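Containing JSON, C-alpha atoms and all ligand atoms: structure-v5.json.
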[["chain", "number", "residue", "atom", "x", "y", "z"],
["F", 1, "MET", "CA", 56.66, 3.31, -0.38],
["F", 2, "THR", "CA", 57.04, 6.28, -2.74],
["F", 3, "ARG", "CA", 59.66, 8.77, -1.56],
["F", 4, "ILE", "CA", 59.63, 12.45, -2.59],
["F", 5, "VAL", "CA", 62.41, 14.89, -1.75],
["F", 6, "ALA", "CA", 61.64, 18.55, -2.36],
["F", 7, "PHE", "CA", 64.48, 21.04, -2.83],
["F", 8, "ASN", "CA", 63.29, 24.60, -2.31],
["F", 9, "GLY", "CA", 65.62, 27.10, -4.00],
["F", 10, "SER", "CA", 64.03, 30.31, -2.74],
["F", 11, "PRO", "CA", 66.49, 32.72, -1.07],
["F", 12, "LYS", "CA", 63.69, 33.25, 1.48],
["F", 13, "GLY", "CA", 64.04, 29.67, 2.71],
["F", 14, "ARG", "CA", 61.22, 28.72, 5.07],
["F", 15, "LYS", "CA", 59.43, 32.03, 4.41],
["F", 16, "SER", "CA", 59.15, 31.17, 0.72],
["F", 17, "ARG", "CA", 55.71, 31.67, -0.82],
["F", 18, "THR", "CA", 56.41, 28.85, -3.25],
["F", 19, "GLN", "CA", 56.59, 26.62, -0.19],
["F", 20, "PHE", "CA", 52.84, 27.14, 0.42],
["F", 21, "LEU", "CA", 52.33, 25.34, -2.87],
["F", 22, "VAL", "CA", 54.94, 22.68, -2.10],
["F", 23, "ASP", "CA", 53.35, 21.98, 1.29],
["F", 24, "ALA", "CA", 49.89, 21.47, -0.24],
["F", 25, "PHE", "CA", 51.30, 19.21, -2.99],
["F", 26, "LEU", "CA", 53.23, 17.11, -0.45],
["F", 27, "GLU", "CA", 50.19, 16.90, 1.82],
["F", 28, "GLY", "CA", 48.28, 15.32, -1.07],
["F", 29, "ALA", "CA", 51.22, 13.01, -1.83],
["F", 30, "ARG", "CA", 51.38, 11.86, 1.80],
["F", 31, "SER", "CA", 47.64, 11.19, 1.82],
["F", 32, "ALA", "CA", 48.30, 8.75, -1.05],
["F", 33, "GLY", "CA", 50.94, 6.98, 1.06],
["F", 34, "ALA", "CA", 54.13, 8.80, 0.09],
["F", 35, "GLU", "CA", 56.96, 9.80, 2.39],
["F", 36, "ALA", "CA", 58.09, 13.37, 1.73],
["F", 37, "GLU", "CA", 60.51, 15.97, 3.04],
["F", 38, "THR", "CA", 61.69, 19.45, 2.05],
["F", 39, "VAL", "CA", 65.30, 20.61, 1.98],
["F", 40, "PHE", "CA", 65.72, 24.39, 2.04],
["F", 41, "LEU", "CA", 68.76, 24.99, -0.15],
["F", 42, "ALA", "CA", 69.24, 28.51, 1.28],
["F", 43, "GLU", "CA", 70.21, 26.86, 4.59],
["F", 44, "ARG", "CA", 72.86, 24.64, 2.99],
["F", 45, "SER", "CA", 76.42, 25.17, 1.91],
["F", 46, "ILE", "CA", 76.57, 24.97, -1.91],
["F", 47, "VAL", "CA", 79.70, 26.14, -3.72],
["F", 48, "PRO", "CA", 79.79, 26.46, -7.51],
["F", 49, "CYS", "CA", 81.05, 23.70, -9.80],
["F", 50, "ASP", "CA", 84.38, 25.10, -11.12],
["F", 51, "GLU", "CA", 84.62, 22.52, -13.93],
["F", 52, "CYS", "CA", 87.71, 20.85, -12.43],
["F", 53, "MET", "CA", 86.39, 17.65, -14.07],
["F", 54, "GLY", "CA", 87.55, 15.64, -11.08],
["F", 55, "CYS", "CA", 84.29, 13.72, -11.14],
["F", 56, "TRP", "CA", 84.88, 12.67, -14.78],
["F", 57, "ILE", "CA", 88.67, 12.29, -14.96],
["F", 58, "LEU", "CA", 90.46, 11.82, -11.65],
["F", 59, "ASN", "CA", 88.44, 9.10, -10.07],
["F", 60, "GLY", "CA", 85.86, 8.50, -12.78],
["F", 61, "SER", "CA", 83.45, 7.44, -10.08],
["F", 62, "GLY", "CA", 81.45, 10.61, -10.11],
["F", 63, "GLU", "CA", 82.84, 11.79, -6.79],
["F", 64, "CYS", "CA", 82.88, 15.58, -6.58],
["F", 65, "ALA", "CA", 86.01, 17.38, -5.40],
["F", 66, "GLN", "CA", 84.04, 20.12, -3.63],
["F", 67, "LYS", "CA", 83.60, 19.71, 0.10],
["F", 68, "ASP", "CA", 80.20, 21.05, 1.06],
["F", 69, "ASP", "CA", 76.63, 19.81, 1.60],
["F", 70, "VAL", "CA", 75.91, 18.88, -2.02],
["F", 71, "PRO", "CA", 77.26, 15.28, -2.19],
["F", 72, "ALA", "CA", 74.98, 14.27, 0.73],
["F", 73, "LEU", "CA", 72.03, 16.09, -0.86],
["F", 74, "LEU", "CA", 72.64, 14.36, -4.19],
["F", 75, "GLU", "CA", 72.71, 11.01, -2.43],
["F", 76, "LYS", "CA", 69.38, 11.85, -0.82],
["F", 77, "ALA", "CA", 67.99, 12.92, -4.21],
["F", 78, "MET", "CA", 69.10, 9.73, -5.94],
["F", 79, "GLU", "CA", 67.42, 7.55, -3.29],
["F", 80, "ALA", "CA", 64.05, 9.21, -3.95],
["F", 81, "ASP", "CA", 61.40, 8.17, -6.46],
["F", 82, "PHE", "CA", 60.66, 11.81, -7.29],
["F", 83, "VAL", "CA", 62.67, 14.98, -6.81],
["F", 84, "LEU", "CA", 60.58, 18.13, -6.51],
["F", 85, "LEU", "CA", 62.43, 21.28, -7.60],
["F", 86, "ALA", "CA", 60.74, 24.38, -6.17],
["F", 87, "THR", "CA", 61.79, 27.88, -7.12],
["F", 88, "PRO", "CA", 60.44, 31.41, -7.40],
["F", 89, "LEU", "CA", 60.70, 32.82, -10.92],
["F", 90, "LEU", "CA", 63.56, 35.32, -10.62],
["F", 91, "MET", "CA", 64.40, 37.43, -13.66],
["F", 92, "ASP", "CA", 62.45, 35.01, -15.85],
["F", 93, "SER", "CA", 64.47, 32.04, -14.62],
["F", 94, "MET", "CA", 65.00, 29.68, -11.71],
["F", 95, "SER", "CA", 66.64, 31.10, -8.59],
["F", 96, "GLY", "CA", 70.42, 31.37, -8.50],
["F", 97, "ILE", "CA", 70.49, 29.00, -5.53],
["F", 98, "LEU", "CA", 68.64, 26.24, -7.38],
["F", 99, "LYS", "CA", 70.81, 26.80, -10.45],
["F", 100, "LEU", "CA", 73.97, 26.50, -8.34],
["F", 101, "PHE", "CA", 72.61, 23.24, -6.94],
["F", 102, "LEU", "CA", 71.70, 21.83, -10.37],
["F", 103, "GLU", "CA", 75.12, 22.70, -11.81],
["F", 104, "ARG", "CA", 76.51, 20.35, -9.18],
["F", 105, "TRP", "CA", 74.54, 17.48, -10.75],
["F", 106, "LEU", "CA", 77.31, 17.27, -13.38],
["F", 107, "PRO", "CA", 78.89, 14.19, -11.74],
["F", 108, "LEU", "CA", 75.66, 12.33, -12.54],
["F", 109, "MET", "CA", 76.32, 12.74, -16.25],
["F", 110, "HIS", "CA", 78.62, 10.70, -18.44],
["F", 111, "PRO", "CA", 81.44, 12.62, -20.23],
["F", 112, "ARG", "CA", 80.92, 11.02, -23.66],
["F", 113, "PHE", "CA", 78.44, 12.55, -26.05],
["F", 114, "ARG", "CA", 75.64, 10.38, -27.26],
["F", 115, "ALA", "CA", 73.54, 11.14, -30.31],
["F", 116, "GLN", "CA", 69.91, 11.01, -29.31],
["F", 117, "HIS", "CA", 66.87, 12.37, -31.17],
["F", 118, "GLY", "CA", 69.27, 13.86, -33.74],
["F", 119, "GLN", "CA", 71.24, 15.88, -31.22],
["F", 120, "GLY", "CA", 74.25, 15.36, -28.97],
["F", 121, "SER", "CA", 73.63, 14.92, -25.26],
["F", 122, "LEU", "CA", 75.52, 13.78, -22.21],
["F", 123, "PRO", "CA", 73.59, 10.82, -20.90],
["F", 124, "ALA", "CA", 73.12, 10.17, -17.22],
["F", 125, "ARG", "CA", 75.94, 8.13, -15.71],
["F", 126, "THR", "CA", 73.65, 6.27, -13.37],
["F", 127, "GLY", "CA", 70.89, 4.16, -14.81],
["F", 128, "ARG", "CA", 68.16, 6.18, -13.24],
["F", 129, "VAL", "CA", 67.76, 9.79, -12.17],
["F", 130, "PRO", "CA", 64.45, 10.28, -10.31],
["F", 131, "ASP", "CA", 61.69, 11.97, -12.24],
["F", 132, "TRP", "CA", 61.28, 15.65, -11.51],
["F", 133, "ILE", "CA", 58.30, 17.61, -10.27],
["F", 134, "ILE", "CA", 58.74, 21.31, -11.02],
["F", 135, "LEU", "CA", 56.90, 23.84, -8.90],
["F", 136, "SER", "CA", 57.31, 27.60, -9.25],
["F", 137, "SER", "CA", 55.55, 30.86, -8.42],
["F", 138, "CYS", "CA", 55.87, 34.38, -9.78],
["F", 139, "SER", "CA", 54.33, 37.80, -9.23],
["F", 140, "PHE", "CA", 53.29, 38.60, -12.77],
["F", 141, "PRO", "CA", 49.78, 37.48, -13.55],
["F", 142, "GLU", "CA", 50.34, 35.63, -16.83],
["F", 143, "GLN", "CA", 51.41, 31.99, -16.99],
["F", 144, "PHE", "CA", 53.53, 32.52, -20.12],
["F", 145, "HIS", "CA", 56.36, 33.98, -18.01],
["F", 146, "PHE", "CA", 57.29, 30.41, -17.09],
["F", 147, "GLN", "CA", 57.84, 29.29, -20.69],
["F", 148, "PRO", "CA", 61.64, 29.84, -20.85],
["F", 149, "MET", "CA", 62.14, 27.98, -17.57],
["F", 150, "SER", "CA", 59.84, 25.16, -18.64],
["F", 151, "LEU", "CA", 61.80, 24.73, -21.88],
["F", 152, "MET", "CA", 65.04, 24.64, -19.91],
["F", 153, "PHE", "CA", 63.76, 21.90, -17.56],
["F", 154, "ARG", "CA", 62.47, 19.88, -20.53],
["F", 155, "GLU", "CA", 65.86, 20.05, -22.25],
["F", 156, "LEU", "CA", 67.72, 19.23, -19.05],
["F", 157, "SER", "CA", 65.59, 16.20, -18.36],
["F", 158, "LYS", "CA", 66.58, 14.80, -21.80],
["F", 159, "SER", "CA", 70.20, 14.87, -20.63],
["F", 160, "PHE", "CA", 69.37, 13.20, -17.34],
["F", 161, "ASN", "CA", 67.13, 10.73, -19.14],
["F", 162, "ASN", "CA", 64.34, 11.28, -16.63],
["F", 163, "HIS", "CA", 60.79, 12.59, -16.99],
["F", 164, "LEU", "CA", 58.94, 15.63, -15.80],
["F", 165, "ALA", "CA", 56.18, 14.02, -13.76],
["F", 166, "ALA", "CA", 54.55, 17.42, -13.27],
["F", 167, "GLU", "CA", 55.20, 21.06, -14.04],
["F", 168, "ILE", "CA", 53.15, 23.35, -11.82],
["F", 169, "TYR", "CA", 53.52, 27.06, -12.41],
["F", 170, "ARG", "CA", 51.62, 29.73, -10.51],
["F", 171, "GLY", "CA", 51.50, 33.37, -11.61],
["F", 172, "GLU", "CA", 49.55, 35.87, -9.46],
["F", 173, "ALA", "CA", 51.60, 34.74, -6.48],
["F", 174, "ASP", "CA", 51.11, 38.07, -4.71],
["F", 175, "LEU", "CA", 47.83, 36.47, -3.69],
["F", 176, "PHE", "CA", 49.91, 34.18, -1.48],
["F", 177, "GLY", "CA", 51.69, 36.79, 0.58],
["F", 178, "ARG", "CA", 53.18, 40.15, -0.06],
["F", 179, "LEU", "CA", 49.93, 42.03, -0.56],
["F", 180, "GLY", "CA", 48.04, 40.18, 2.13],
["F", 181, "GLU", "CA", 44.96, 42.33, 1.62],
["F", 182, "MET", "CA", 44.57, 40.63, -1.73],
["F", 183, "ALA", "CA", 43.91, 37.31, -0.03],
["F", 184, "HIS", "CA", 41.02, 35.80, -1.96],
["F", 185, "LEU", "CA", 40.35, 32.70, 0.11],
["F", 186, "ASP", "CA", 37.44, 31.84, -2.16],
["F", 187, "VAL", "CA", 39.92, 31.06, -4.96],
["F", 188, "LEU", "CA", 43.00, 30.14, -2.91],
["F", 189, "ASN", "CA", 41.34, 27.30, -0.99],
["F", 190, "PRO", "CA", 40.12, 25.43, -4.11],
["F", 191, "TYR", "CA", 43.58, 25.97, -5.67],
["F", 192, "MET", "CA", 45.23, 24.40, -2.61],
["F", 193, "ASP", "CA", 42.83, 21.44, -2.97],
["F", 194, "LEU", "CA", 43.91, 21.09, -6.61],
["F", 195, "LEU", "CA", 47.55, 20.96, -5.49],
["F", 196, "ARG", "CA", 46.66, 18.18, -3.03],
["F", 197, "THR", "CA", 44.94, 16.32, -5.89],
["F", 198, "ALA", "CA", 48.09, 16.81, -8.00],
["F", 199, "GLY", "CA", 50.24, 15.30, -5.22],
["F", 200, "ARG", "CA", 47.95, 12.27, -4.99],
["F", 201, "GLU", "CA", 47.93, 11.79, -8.78],
["F", 202, "VAL", "CA", 51.71, 11.85, -9.08],
["F", 203, "VAL", "CA", 52.06, 9.21, -6.35],
["F", 204, "ARG", "CA", 49.34, 7.00, -7.82],
["F", 205, "ASN", "CA", 49.95, 7.44, -11.56],
["F", 206, "GLY", "CA", 53.45, 8.91, -11.87],
["F", 207, "SER", "CA", 52.07, 12.00, -13.61],
["F", 208, "LEU", "CA", 49.32, 14.62, -13.56],
["F", 209, "SER", "CA", 46.02, 14.05, -15.30],
["F", 210, "GLN", "CA", 45.33, 16.50, -18.10],
["F", 211, "ALA", "CA", 42.27, 17.81, -16.26],
["F", 212, "THR", "CA", 44.29, 18.66, -13.14],
["F", 213, "ALA", "CA", 47.14, 20.17, -15.15],
["F", 214, "GLU", "CA", 44.69, 22.41, -17.01],
["F", 215, "ALA", "CA", 42.85, 23.44, -13.86],
["F", 216, "LEU", "CA", 46.15, 24.35, -12.13],
["F", 217, "ASP", "CA", 47.04, 26.59, -15.06],
["F", 218, "ARG", "CA", 43.91, 28.76, -14.96],
["F", 219, "PRO", "CA", 44.06, 32.33, -13.63],
["F", 220, "LEU", "CA", 43.00, 32.63, -10.00],
["F", 221, "ILE", "CA", 41.43, 36.05, -10.43],
["F", 222, "PRO", "CA", 41.01, 38.09, -13.63],
["F", 223, "PHE", "CA", 44.09, 39.92, -14.95],
["F", 224, "ASP", "CA", 42.54, 43.42, -14.58],
["F", 225, "GLN", "CA", 41.49, 42.76, -11.00],
["F", 226, "TYR", "CA", 44.94, 41.45, -10.05],
["F", 227, "VAL", "CA", 46.67, 44.48, -11.57],
["F", 228, "GLU", "CA", 44.22, 46.95, -10.03],
["F", 229, "GLU", "CA", 44.31, 45.44, -6.53],
["F", 230, "GLY", "CA", 48.09, 44.93, -6.67],
["F", 231, "ASN", "CA", 48.73, 48.54, -7.66],
["F", 232, "ALA", "CA", 46.33, 49.82, -5.00],
["F", 233, "ALA", "CA", 48.11, 47.70, -2.37],
["F", 234, "TRP", "CA", 51.48, 49.09, -3.50],
["F", 235, "ASP", "CA", 50.09, 52.64, -3.24],
["F", 236, "ARG", "CA", 49.22, 51.97, 0.40],
["F", 237, "ILE", "CA", 52.61, 50.33, 1.10],
["F", 238, "LEU", "CA", 54.53, 53.24, -0.45],
["F", 239, "GLU", "CA", 52.37, 55.78, 1.45],
["F", 240, "GLY", "CA", 53.26, 53.90, 4.63],
["F", 241, "THR", "CA", 49.66, 53.06, 5.50],
["F", 242, "CYS", "CA", 50.16, 49.33, 5.03],
["F", 243, "ARG", "CA", 53.07, 47.04, 5.90],
["F", 244, "ILE", "CA", 54.71, 44.72, 3.40],
["F", 245, "ASP", "CA", 54.48, 41.01, 4.10],
["F", 246, "PRO", "CA", 56.95, 39.20, 1.82],
["F", 301, "LIG", "C1", 65.13, 39.53, -7.68],
["F", 301, "LIG", "C2", 63.73, 39.14, -8.02],
["F", 301, "LIG", "C3", 63.39, 38.87, -9.34],
["F", 301, "LIG", "C4", 62.10, 38.54, -9.67],
["F", 301, "LIG", "N1", 61.79, 38.29, -10.97],
["F", 301, "LIG", "C5", 60.51, 38.03, -11.33],
["F", 301, "LIG", "C6", 60.18, 37.79, -12.69],
["F", 301, "LIG", "O1", 61.02, 37.78, -13.57],
["F", 301, "LIG", "N2", 58.88, 37.58, -12.99],
["F", 301, "LIG", "C7", 57.89, 37.57, -12.01],
["F", 301, "LIG", "O2", 56.73, 37.40, -12.34],
["F", 301, "LIG", "N3", 58.20, 37.73, -10.69],
["F", 301, "LIG", "C8", 59.48, 37.95, -10.33],
["F", 301, "LIG", "N4", 59.80, 38.11, -9.01],
["F", 301, "LIG", "C9", 58.77, 37.86, -7.98],
["F", 301, "LIG", "C10", 58.84, 36.43, -7.41],
["F", 301, "LIG", "O3", 58.82, 35.48, -8.46],
["F", 301, "LIG", "C11", 57.61, 36.14, -6.52],
["F", 301, "LIG", "O4", 57.52, 37.09, -5.50],
["F", 301, "LIG", "C12", 57.66, 34.72, -5.96],
["F", 301, "LIG", "O5", 56.36, 34.33, -5.61],
["F", 301, "LIG", "C13", 58.56, 34.62, -4.72],
["F", 301, "LIG", "O6", 58.57, 33.27, -4.29],
["F", 301, "LIG", "P1", 59.32, 32.82, -2.95],
["F", 301, "LIG", "O7", 58.64, 33.53, -1.80],
["F", 301, "LIG", "O8", 59.10, 31.35, -2.89],
["F", 301, "LIG", "O9", 60.74, 33.21, -3.07],
["F", 301, "LIG", "C14", 61.09, 38.44, -8.65],
["F", 301, "LIG", "C15", 61.46, 38.68, -7.31],
["F", 301, "LIG", "C16", 62.76, 39.03, -7.00],
["F", 301, "LIG", "C17", 63.12, 39.25, -5.56]]

Any chance you could put this one into structure tokens?
Amino acid sequence: MTRIVAFNGSPKGRKSRTQFLVDAFLEGARSAGAEAETVFLAERSIVPCDECMGCWILNGSGECAQKDDVPALLEKAMEADFVLLATPLLMDSMSGILKLFLERWLPLMHPRFRAQHGQGSLPARTGRVPDWIILSSCSFPEQFHFQPMSLMFRELSKSFNNHLAAEIYRGEADLFGRLGEMAHLDVLNPYMDLLRTAGREVVRNGSLSQATAEALDRPLIPFDQYVEEGNAAWDRILEGTCRIDP
């Protein structure tokens, strides 16, 4: 049976808007026979890698010197067929919590450089690092805001010698929460169905079809409408006539 472990790096933990998307994706994956769970990194103890190199030098076995929740989480990750990394876009990047977690994947890499595709890289120590599914949301309406983060995940996956089974990025995420009055169920419901389709495709084929990837990338509502409704909602929030729902 296909196993998927999702790591949600939102500081909001279970209240994360990105998790709406993760839940729909995993629902689709389960309907195709997968077993799936979500770990909320905000609830776990994760200390930074301080580059002591213990994992590479002292024991050479990849065992990390830090005593926190990460070694058990890494074990869980490595037993999965797919690891889903979920994060809000924060300052044009992944969340600090997810970054802290990924920096602790260093023990999975081998210390010796290897020349690959004309560039040096540190290959994965283990034979196989599960393929990644990347899922992220942001408030700005345009999808291009995810480009720097996408490039970073693509580069990182070369080092880990794994694949990106899916990259799902969702701008206009205020439609999923904060400005609840902007709830456009007519577009949100079909989008959730697309996420379920994406989950099924990854389990069945190991990747997204081009048609699904393209459909997931389309704007939910037009740019001008999103900006106008978002600003109007903020006017009401700042006047105190409407409450904020993160
Ligand atoms: C500190 C901070 C930085 C943010 N930076 C960006 C950003 O660079 N671009 C953007 O479009 N949205 C940005 N946002 C908005 C979040 O990406 C958006 O609200 C996201 O959907 C939150 O997801 P979550 O509920 O899963 O944490 C930022 C939010 C915070 C709190």

>> Measuring between only C-alpha atoms and all ligand atoms, which one of F:Asp68, F:Glu51, F:Glu214, F:Asp23 shows the shortest distance to ligand LIG 301 (chain F)?
In response: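 Using only C-alpha atoms and all ligand atoms, the shortest distance to ligand LIG 301 (chain F) belongs to F:Asp23.
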
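We find atom CA of Gln116 of chain F and atom CA of Pro148 of chain F to be spaced 22.2 Å apart.
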
>> List the spatial neighbours of Pro219 of chain F as a VMD selection string - criterion: any atom at most 10 Å away, all atoms listed in the file, same-chain residues fewer than 6 positions off excluded.
In response: chain F and resid 141 to 143 170 to 172 187 226

Give me, as CSV, the closest atom pair and its distance (Å, one decimal) for every residue of chain F within a cut-off of 7 Å of ligand LIG 301 (chain F), counting all atoms listed in the file, rows sorted by chain and rising number.
residue,atom,partner,partner_atom,distance
F:Ser10,CA,F:LIG301,O9,4.4
F:Pro11,CA,F:LIG301,O9,6.1
F:Lys12,CA,F:LIG301,O9,5.4
F:Lys15,CA,F:LIG301,O7,6.4
F:Ser16,CA,F:LIG301,O7,3.5
F:Arg17,CA,F:LIG301,O7,3.6
F:Thr18,CA,F:LIG301,O8,3.7
F:Gln19,CA,F:LIG301,O8,6.0
F:Thr87,CA,F:LIG301,O8,6.1
F:Pro88,CA,F:LIG301,O6,4.1
F:Leu89,CA,F:LIG301,O3,4.1
F:Leu90,CA,F:LIG301,N1,3.5
F:Met91,CA,F:LIG301,O1,3.4
F:Asp92,CA,F:LIG301,O1,3.9
F:Ser93,CA,F:LIG301,O1,6.8
F:Ser137,CA,F:LIG301,O5,4.5
F:Cys138,CA,F:LIG301,O3,3.4
F:Ser139,CA,F:LIG301,O2,3.9
F:Phe140,CA,F:LIG301,O2,3.7
F:His145,CA,F:LIG301,O2,6.6
F:Gly171,CA,F:LIG301,O2,6.6
F:Ala173,CA,F:LIG301,O5,4.9
F:Asp174,CA,F:LIG301,O5,6.5
F:Pro246,CA,F:LIG301,O7,6.9

> Quick one: of F:Ala166, F:Met53, F:Ile97, F:Leu26, who's nearest to Phe40 of chain F, counting only C-alpha atoms?
Replying inline: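 Residue with the minimum atom-to-atom distance to Phe40 of chain F: F:Ile97.
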
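With atom CA of Ala124 of chain F on one side and atom CA of Ala34 of chain F on the other, the separation reads 25.7 Å.
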
Around all the atoms of segment 71-82 of chain F listed in the file, draw an axis-aligned box and extend it by 3 Å on each of the six sides; I want its centre and edge lengths in Å to one decimal, as lines of an AutoDock Vina configuration file.
center_x = 69.0
center_y = 11.8
center_z = -3.3
size_x = 22.6
size_y = 14.5
size_z = 14.0
